[in-house]
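> Hey, dropping my_file_28.txt in here, compact mmCIF, C-alpha atoms:
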```txt
# COMPACT_ATOMS: atom_id res chain seq x y z
CA MET A 87 18.21 -43.98 34.27
CA GLY A 88 16.43 -45.81 37.07
CA MET A 89 12.85 -45.42 38.16
CA LYS A 90 13.82 -43.29 41.15
CA GLU A 91 15.74 -40.81 38.99
CA ALA A 92 13.01 -40.78 36.34
CA MET A 93 10.37 -40.02 38.97
CA LYS A 94 12.53 -37.28 40.50
CA ASP A 95 13.13 -35.67 37.07
CA PHE A 96 9.45 -35.98 36.14
CA TRP A 97 8.39 -33.97 39.19
CA TRP A 98 11.45 -31.69 39.25
CA TYR A 99 10.61 -30.44 35.75
CA ALA A 100 6.84 -30.81 36.16
CA PHE A 101 6.08 -27.13 35.64
CA THR A 102 8.89 -25.99 33.36
CA SER A 103 8.57 -28.15 30.21
CA GLU A 104 12.32 -27.73 29.66
CA GLY A 105 14.43 -30.48 28.17
CA ARG A 106 13.47 -33.81 26.66
CA ASP A 107 12.04 -37.04 28.01
CA THR A 108 12.63 -40.46 26.52
CA ARG A 109 9.89 -43.06 26.71
CA THR A 110 11.38 -44.56 29.87
CA GLN A 111 11.64 -41.11 31.47
CA PHE A 112 8.03 -40.26 30.63
CA TRP A 113 5.79 -43.32 30.80
CA PRO A 114 6.68 -45.04 34.11
CA PRO A 115 6.67 -41.84 36.23
CA MET A 116 3.49 -40.58 34.58
CA MET A 117 1.64 -43.87 35.03
CA LEU A 118 2.91 -44.30 38.58
CA SER A 119 1.91 -40.74 39.51
CA VAL A 120 -1.60 -41.24 38.09
CA ALA A 121 -1.92 -44.60 39.87
CA ILE A 122 -0.81 -43.12 43.21
CA TRP A 123 -3.25 -40.22 42.82
CA MET A 124 -6.10 -42.62 41.99
CA LEU A 125 -5.25 -44.85 44.97
CA ILE A 126 -5.12 -41.93 47.41
CA CYS A 127 -8.37 -40.38 46.14
CA GLY A 128 -10.06 -43.79 46.03
CA LEU A 129 -8.95 -44.57 49.57
CA LEU A 130 -10.13 -41.16 50.81
CA TRP A 131 -13.47 -41.65 49.06
CA TRP A 132 -13.84 -45.14 50.56
CA LEU A 133 -12.99 -43.89 54.07
CA ASP A 134 -15.46 -41.03 53.64
CA GLU A 135 -18.18 -43.45 52.52
CA GLN A 136 -17.50 -45.90 55.33
CA PHE A 137 -17.15 -43.55 58.27
CA TYR A 138 -18.43 -40.04 57.55
CA ASN A 139 -21.02 -39.74 54.78
CA PRO A 140 -22.41 -43.19 53.93
CA GLY A 141 -24.50 -43.11 50.77
CA GLU A 142 -24.13 -39.37 50.21
CA GLY A 143 -21.35 -39.40 47.61
CA MET A 144 -18.09 -37.49 47.82
CA SER A 145 -17.82 -34.92 50.59
CA ILE A 146 -16.63 -31.38 49.92
CA GLY A 147 -13.42 -31.99 51.92
CA ILE A 148 -12.36 -34.81 49.63
CA LEU A 149 -13.32 -32.74 46.62
CA PHE A 150 -11.04 -29.95 47.87
CA PHE A 151 -8.19 -32.48 48.01
CA CYS A 152 -8.85 -34.41 44.78
CA LEU A 153 -9.53 -31.51 42.38
CA PRO A 154 -6.44 -29.38 43.10
CA THR A 155 -4.16 -32.41 43.13
CA PHE A 156 -5.73 -33.56 39.86
CA PHE A 157 -4.88 -30.24 38.20
CA VAL A 158 -1.30 -30.40 39.52
CA LEU A 159 -0.98 -33.95 38.17
CA PHE A 160 -2.58 -32.94 34.86
CA TRP A 161 -0.15 -30.03 34.48
CA ALA A 162 2.83 -32.24 35.31
CA CYS A 163 1.73 -34.87 32.78
CA PHE A 164 1.27 -32.29 30.03
CA SER A 165 4.66 -30.73 30.80
CA GLY A 166 6.11 -34.21 30.50
CA PHE A 167 4.23 -34.66 27.25
CA ILE A 168 5.77 -31.48 25.83
CA ARG A 169 9.22 -32.79 26.77
CA ARG A 170 8.26 -36.09 25.14
CA LEU A 171 7.18 -34.28 21.95
CA ARG A 172 10.55 -32.54 21.87
CA ASP A 173 12.31 -35.88 22.22
CA ILE A 174 10.31 -37.33 19.31
CA GLY A 175 11.28 -34.35 17.17
CA PHE A 176 8.07 -32.30 17.14
CA SER A 177 8.04 -28.67 18.18
CA GLU A 178 5.88 -27.12 20.88
CA LYS A 179 3.77 -25.56 18.13
CA TRP A 180 2.01 -28.91 17.76
CA TYR A 181 1.03 -28.74 21.41
CA VAL A 182 -0.42 -25.23 20.99
CA VAL A 183 -2.38 -26.37 17.91
CA ILE A 184 -3.74 -29.34 19.87
CA GLN A 185 -4.80 -27.08 22.75
CA ILE A 186 -6.59 -24.73 20.33
CA ILE A 187 -8.42 -27.67 18.70
CA CYS A 188 -9.50 -28.97 22.12
CA GLY A 189 -10.71 -25.50 23.11
CA ILE A 190 -12.65 -25.06 19.87
CA LEU A 191 -14.37 -28.41 20.43
CA TYR A 192 -15.97 -27.12 23.63
CA LEU A 193 -16.84 -23.66 22.28
CA PRO A 194 -20.27 -24.51 20.73
CA SER A 195 -21.34 -26.28 23.92
CA LEU A 196 -20.28 -23.30 26.02
CA ILE A 197 -22.07 -20.81 23.76
CA VAL A 198 -25.35 -22.78 23.87
CA TYR A 199 -25.04 -23.17 27.64
CA ILE A 200 -24.51 -19.43 28.17
CA MET A 201 -27.28 -18.42 25.74
CA ASN A 202 -29.75 -20.66 27.61
CA GLY A 203 -29.05 -18.87 30.87
CA PHE A 204 -26.69 -21.53 32.26
CA LYS A 205 -29.40 -24.19 32.09
CA GLN A 206 -28.75 -27.65 30.78
CA THR A 207 -30.64 -28.50 27.62
CA ALA A 208 -30.62 -31.51 25.35
CA LEU A 209 -28.63 -29.53 22.76
CA SER A 210 -25.98 -28.40 25.25
CA ASP A 211 -25.68 -31.98 26.56
CA ILE A 212 -25.22 -33.39 23.04
CA LEU A 213 -22.66 -30.71 22.13
CA PHE A 214 -20.75 -31.32 25.37
CA GLN A 215 -20.71 -35.08 24.77
CA LEU A 216 -19.46 -34.57 21.20
CA ALA A 217 -16.73 -32.22 22.45
CA ALA A 218 -15.74 -34.67 25.19
CA SER A 219 -15.58 -37.50 22.65
CA GLY A 220 -13.36 -35.39 20.39
CA PHE A 221 -11.19 -34.42 23.34
CA PHE A 222 -10.66 -38.05 24.36
CA ILE A 223 -9.92 -39.09 20.77
CA ILE A 224 -7.28 -36.34 20.57
CA LEU A 225 -5.91 -37.40 23.96
CA GLY A 226 -5.67 -41.00 22.74
CA VAL A 227 -3.82 -39.91 19.59
CA LEU A 228 -1.44 -37.83 21.70
CA LEU A 229 -0.70 -40.80 23.92
CA LEU A 230 -0.02 -42.94 20.85
CA ILE A 231 2.30 -40.23 19.49
CA SER A 232 4.21 -40.24 22.77
CA LEU A 233 4.95 -43.94 22.21
CA LEU A 234 7.12 -43.06 19.18
CA PRO A 235 10.89 -43.51 19.57
CA THR A 236 13.44 -40.74 20.13
CA ASN A 237 14.02 -38.44 17.12
CA TRP A 238 11.35 -40.25 15.09
CA ALA A 239 10.21 -37.09 13.27
CA LEU A 240 13.79 -36.04 12.52
CA LYS A 241 14.61 -39.43 11.04
CA ARG A 242 11.58 -39.25 8.73
CA LYS A 243 12.79 -36.01 7.09
```
Take the structure in the file and give it back as structure tokens.


Amino acid sequence: MGMKEAMKDFWWYAFTSEGRDTRTQFWPPMMLSVAIWMLICGLLWWLDEQFYNPGEGMSIGILFFCLPTFFVLFWACFSGFIRRLRDIGFSEKWYVVIQIICGILYLPSLIVYIMNGFKQTALSDILFQLAASGFFIILGVLLLISLLPTNWALKRK
């Protein structure tokens, strides 16, 4: 399968999570999609800084473009990751468990934030940073898992 077909399949099945993706069907389209998104948002931010709002940070118009497209890209990458898990030989249950763990990591931070009347405190900042660290460690492990070859889990049984 060529890059063009892999990219088409990656976005065609971006919101369904059906089927399986090999490493070559998952990694190049995912990395290319992230790179294109970063280039477009970076270019928009640079143009905004140069011509419209110098020194004021990101304008609300760019934010309205970058945030929704980020969530679309994030969803597509996680759908691809589920297909990749299936190809490795893991079930979708692992994905649900991972989502629950990530949600639980942020729960103490959210509770402290709400109980303090939506004000930032040192405790809520520390809890949020710990949760973010755990989230990125889990994300790193997931990316390493997606490097495993096809049917790896089935061959280990």

> Could you tell me how far CA of Val158 in chain A lies from CA of Trp123 in chain A, in Å and to one decimal?

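Interatomic distance, CA of Val158 in chain A to CA of Trp123 in chain A: 10.5 Å.
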
> CA of Gly175 in chain A to CA of Trp113 in chain A: how many Å, to one decimal?

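CA of Gly175 in chain A sits 17.2 Å away from CA of Trp113 in chain A.
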
> Give me, please, the distance in Å between CA of Ser103 in chain A and CA of Gly128 in chain A, quoted to one decimal.

29.0 Å

> If you count all atoms listed in the file, which residues fall within 12 Å of Asp211 in chain A, apart from same-chain ones fewer than 2 positions away, as an mmCIF file with C-alpha atoms, keeping the file's coordinate frame?


```cif
data_model
loop_
_atom_site.group_PDB
_atom_site.id
_atom_site.type_symbol
_atom_site.label_atom_id
_atom_site.label_comp_id
_atom_site.auth_asym_id
_atom_site.auth_seq_id
_atom_site.Cartn_x
_atom_site.Cartn_y
_atom_site.Cartn_z
ATOM 1 C CA TYR A 192 -15.970 -27.120 23.630
ATOM 2 C CA PRO A 194 -20.270 -24.510 20.730
ATOM 3 C CA SER A 195 -21.340 -26.280 23.920
ATOM 4 C CA LEU A 196 -20.280 -23.300 26.020
ATOM 5 C CA VAL A 198 -25.350 -22.780 23.870
ATOM 6 C CA TYR A 199 -25.040 -23.170 27.640
ATOM 7 C CA PHE A 204 -26.690 -21.530 32.260
ATOM 8 C CA LYS A 205 -29.400 -24.190 32.090
ATOM 9 C CA GLN A 206 -28.750 -27.650 30.780
ATOM 10 C CA THR A 207 -30.640 -28.500 27.620
ATOM 11 C CA ALA A 208 -30.620 -31.510 25.350
ATOM 12 C CA LEU A 209 -28.630 -29.530 22.760
ATOM 13 C CA LEU A 213 -22.660 -30.710 22.130
ATOM 14 C CA PHE A 214 -20.750 -31.320 25.370
ATOM 15 C CA GLN A 215 -20.710 -35.080 24.770
ATOM 16 C CA LEU A 216 -19.460 -34.570 21.200
ATOM 17 C CA ALA A 217 -16.730 -32.220 22.450
ATOM 18 C CA ALA A 218 -15.740 -34.670 25.190
#
```

> I want to know what sits within 12 Å of Gln185 in chain A, based on all atoms listed in the file, with residues of the same chain fewer than 2 positions away left out; could you give that as a PyMOL selection string?

chain A and resi 164+168+178-183+187-192+221+224-225+228

> Point out the residue among A:Thr108, A:Leu159, A:Ile148, A:Met93 with the least atom-to-atom distance to Pro235 in chain A, counting only C-alpha atoms.

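That would be A:Thr108, the residue with the smallest distance to Pro235 in chain A.
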
> Let me make sure I understand: among A:Phe150, A:Trp98, A:Phe157, A:Trp238, which one has the smallest atom-to-atom distance to Phe176 in chain A if we use only C-alpha atoms?

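For Phe176 in chain A, the nearest of the given residues is A:Trp238.
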
> Can you sort out range 88-113 of chain A so it carries N, CA, C and O atoms, written as a PDB file, in the coordinates of the input?


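New file selection-v1.pdb:
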```pdb
ATOM      1  N   GLY A  88      17.320 -44.961  36.285  1.00  0.00           N
ATOM      2  CA  GLY A  88      16.430 -45.810  37.070  1.00  0.00           C
ATOM      3  C   GLY A  88      15.089 -45.142  37.317  1.00  0.00           C
ATOM      4  O   GLY A  88      14.872 -43.964  37.018  1.00  0.00           O
ATOM      5  N   MET A  89      14.201 -45.920  37.894  1.00  0.00           N
ATOM      6  CA  MET A  89      12.850 -45.420  38.160  1.00  0.00           C
ATOM      7  C   MET A  89      12.869 -44.257  39.155  1.00  0.00           C
ATOM      8  O   MET A  89      12.133 -43.280  38.987  1.00  0.00           O
ATOM      9  N   LYS A  90      13.749 -44.350  40.152  1.00  0.00           N
ATOM     10  CA  LYS A  90      13.820 -43.290  41.150  1.00  0.00           C
ATOM     11  C   LYS A  90      14.256 -41.967  40.522  1.00  0.00           C
ATOM     12  O   LYS A  90      13.661 -40.915  40.776  1.00  0.00           O
ATOM     13  N   GLU A  91      15.268 -42.025  39.667  1.00  0.00           N
ATOM     14  CA  GLU A  91      15.740 -40.810  38.990  1.00  0.00           C
ATOM     15  C   GLU A  91      14.706 -40.276  38.002  1.00  0.00           C
ATOM     16  O   GLU A  91      14.528 -39.061  37.862  1.00  0.00           O
ATOM     17  N   ALA A  92      14.034 -41.200  37.293  1.00  0.00           N
ATOM     18  CA  ALA A  92      13.010 -40.780  36.340  1.00  0.00           C
ATOM     19  C   ALA A  92      11.855 -40.078  37.057  1.00  0.00           C
ATOM     20  O   ALA A  92      11.361 -39.047  36.596  1.00  0.00           O
ATOM     21  N   MET A  93      11.460 -40.625  38.200  1.00  0.00           N
ATOM     22  CA  MET A  93      10.370 -40.020  38.970  1.00  0.00           C
ATOM     23  C   MET A  93      10.791 -38.648  39.506  1.00  0.00           C
ATOM     24  O   MET A  93      10.016 -37.689  39.456  1.00  0.00           O
ATOM     25  N   LYS A  94      12.029 -38.560  39.980  1.00  0.00           N
ATOM     26  CA  LYS A  94      12.530 -37.280  40.500  1.00  0.00           C
ATOM     27  C   LYS A  94      12.563 -36.236  39.379  1.00  0.00           C
ATOM     28  O   LYS A  94      12.105 -35.106  39.561  1.00  0.00           O
ATOM     29  N   ASP A  95      13.079 -36.605  38.207  1.00  0.00           N
ATOM     30  CA  ASP A  95      13.130 -35.670  37.070  1.00  0.00           C
ATOM     31  C   ASP A  95      11.733 -35.286  36.598  1.00  0.00           C
ATOM     32  O   ASP A  95      11.494 -34.140  36.225  1.00  0.00           O
ATOM     33  N   PHE A  96      10.817 -36.256  36.582  1.00  0.00           N
ATOM     34  CA  PHE A  96       9.450 -35.980  36.140  1.00  0.00           C
ATOM     35  C   PHE A  96       8.825 -34.886  36.988  1.00  0.00           C
ATOM     36  O   PHE A  96       8.211 -33.957  36.474  1.00  0.00           O
ATOM     37  N   TRP A  97       8.997 -34.962  38.303  1.00  0.00           N
ATOM     38  CA  TRP A  97       8.390 -33.970  39.190  1.00  0.00           C
ATOM     39  C   TRP A  97       9.262 -32.731  39.349  1.00  0.00           C
ATOM     40  O   TRP A  97       8.758 -31.653  39.629  1.00  0.00           O
ATOM     41  N   TRP A  98      10.580 -32.866  39.165  1.00  0.00           N
ATOM     42  CA  TRP A  98      11.450 -31.690  39.250  1.00  0.00           C
ATOM     43  C   TRP A  98      11.158 -30.724  38.113  1.00  0.00           C
ATOM     44  O   TRP A  98      11.173 -29.504  38.280  1.00  0.00           O
ATOM     45  N   TYR A  99      10.897 -31.271  36.924  1.00  0.00           N
ATOM     46  CA  TYR A  99      10.610 -30.440  35.750  1.00  0.00           C
ATOM     47  C   TYR A  99       9.117 -30.410  35.422  1.00  0.00           C
ATOM     48  O   TYR A  99       8.729 -30.110  34.300  1.00  0.00           O
ATOM     49  N   ALA A 100       8.277 -30.691  36.405  1.00  0.00           N
ATOM     50  CA  ALA A 100       6.840 -30.810  36.160  1.00  0.00           C
ATOM     51  C   ALA A 100       6.197 -29.529  35.656  1.00  0.00           C
ATOM     52  O   ALA A 100       5.209 -29.573  34.941  1.00  0.00           O
ATOM     53  N   PHE A 101       6.739 -28.384  35.999  1.00  0.00           N
ATOM     54  CA  PHE A 101       6.080 -27.130  35.640  1.00  0.00           C
ATOM     55  C   PHE A 101       6.937 -26.260  34.738  1.00  0.00           C
ATOM     56  O   PHE A 101       6.620 -25.093  34.533  1.00  0.00           O
ATOM     57  N   THR A 102       8.017 -26.799  34.197  1.00  0.00           N
ATOM     58  CA  THR A 102       8.890 -25.990  33.360  1.00  0.00           C
ATOM     59  C   THR A 102       8.840 -26.382  31.898  1.00  0.00           C
ATOM     60  O   THR A 102       9.054 -25.551  31.038  1.00  0.00           O
ATOM     61  N   SER A 103       8.598 -27.627  31.583  1.00  0.00           N
ATOM     62  CA  SER A 103       8.570 -28.150  30.210  1.00  0.00           C
ATOM     63  C   SER A 103       9.913 -28.006  29.514  1.00  0.00           C
ATOM     64  O   SER A 103       9.975 -27.990  28.299  1.00  0.00           O
ATOM     65  N   GLU A 104      10.991 -27.868  30.268  1.00  0.00           N
ATOM     66  CA  GLU A 104      12.320 -27.730  29.660  1.00  0.00           C
ATOM     67  C   GLU A 104      12.918 -29.120  29.457  1.00  0.00           C
ATOM     68  O   GLU A 104      12.681 -30.042  30.218  1.00  0.00           O
ATOM     69  N   GLY A 105      13.720 -29.243  28.417  1.00  0.00           N
ATOM     70  CA  GLY A 105      14.430 -30.480  28.170  1.00  0.00           C
ATOM     71  C   GLY A 105      13.634 -31.471  27.347  1.00  0.00           C
ATOM     72  O   GLY A 105      12.680 -31.123  26.659  1.00  0.00           O
ATOM     73  N   ARG A 106      14.078 -32.734  27.427  1.00  0.00           N
ATOM     74  CA  ARG A 106      13.470 -33.810  26.660  1.00  0.00           C
ATOM     75  C   ARG A 106      13.290 -35.021  27.559  1.00  0.00           C
ATOM     76  O   ARG A 106      14.059 -35.226  28.481  1.00  0.00           O
ATOM     77  N   ASP A 107      12.277 -35.802  27.283  1.00  0.00           N
ATOM     78  CA  ASP A 107      12.040 -37.040  28.010  1.00  0.00           C
ATOM     79  C   ASP A 107      11.971 -38.206  27.040  1.00  0.00           C
ATOM     80  O   ASP A 107      11.199 -38.158  26.079  1.00  0.00           O
ATOM     81  N   THR A 108      12.755 -39.232  27.303  1.00  0.00           N
ATOM     82  CA  THR A 108      12.630 -40.460  26.520  1.00  0.00           C
ATOM     83  C   THR A 108      11.386 -41.198  26.986  1.00  0.00           C
ATOM     84  O   THR A 108      10.744 -40.821  27.964  1.00  0.00           O
ATOM     85  N   ARG A 109      11.074 -42.297  26.298  1.00  0.00           N
ATOM     86  CA  ARG A 109       9.890 -43.060  26.710  1.00  0.00           C
ATOM     87  C   ARG A 109      10.017 -43.557  28.133  1.00  0.00           C
ATOM     88  O   ARG A 109       9.063 -43.533  28.891  1.00  0.00           O
ATOM     89  N   THR A 110      11.205 -44.033  28.514  1.00  0.00           N
ATOM     90  CA  THR A 110      11.380 -44.560  29.870  1.00  0.00           C
ATOM     91  C   THR A 110      11.398 -43.458  30.930  1.00  0.00           C
ATOM     92  O   THR A 110      11.140 -43.728  32.091  1.00  0.00           O
ATOM     93  N   GLN A 111      11.694 -42.236  30.527  1.00  0.00           N
ATOM     94  CA  GLN A 111      11.640 -41.110  31.470  1.00  0.00           C
ATOM     95  C   GLN A 111      10.238 -40.549  31.594  1.00  0.00           C
ATOM     96  O   GLN A 111       9.943 -39.850  32.562  1.00  0.00           O
ATOM     97  N   PHE A 112       9.377 -40.824  30.627  1.00  0.00           N
ATOM     98  CA  PHE A 112       8.030 -40.260  30.630  1.00  0.00           C
ATOM     99  C   PHE A 112       6.971 -41.244  31.136  1.00  0.00           C
ATOM    100  O   PHE A 112       6.233 -40.943  32.057  1.00  0.00           O
ATOM    101  N   TRP A 113       6.899 -42.416  30.527  1.00  0.00           N
ATOM    102  CA  TRP A 113       5.790 -43.320  30.800  1.00  0.00           C
ATOM    103  C   TRP A 113       5.745 -43.868  32.223  1.00  0.00           C
ATOM    104  O   TRP A 113       4.704 -43.755  32.876  1.00  0.00           O
TER     105      TRP A 113
END
```
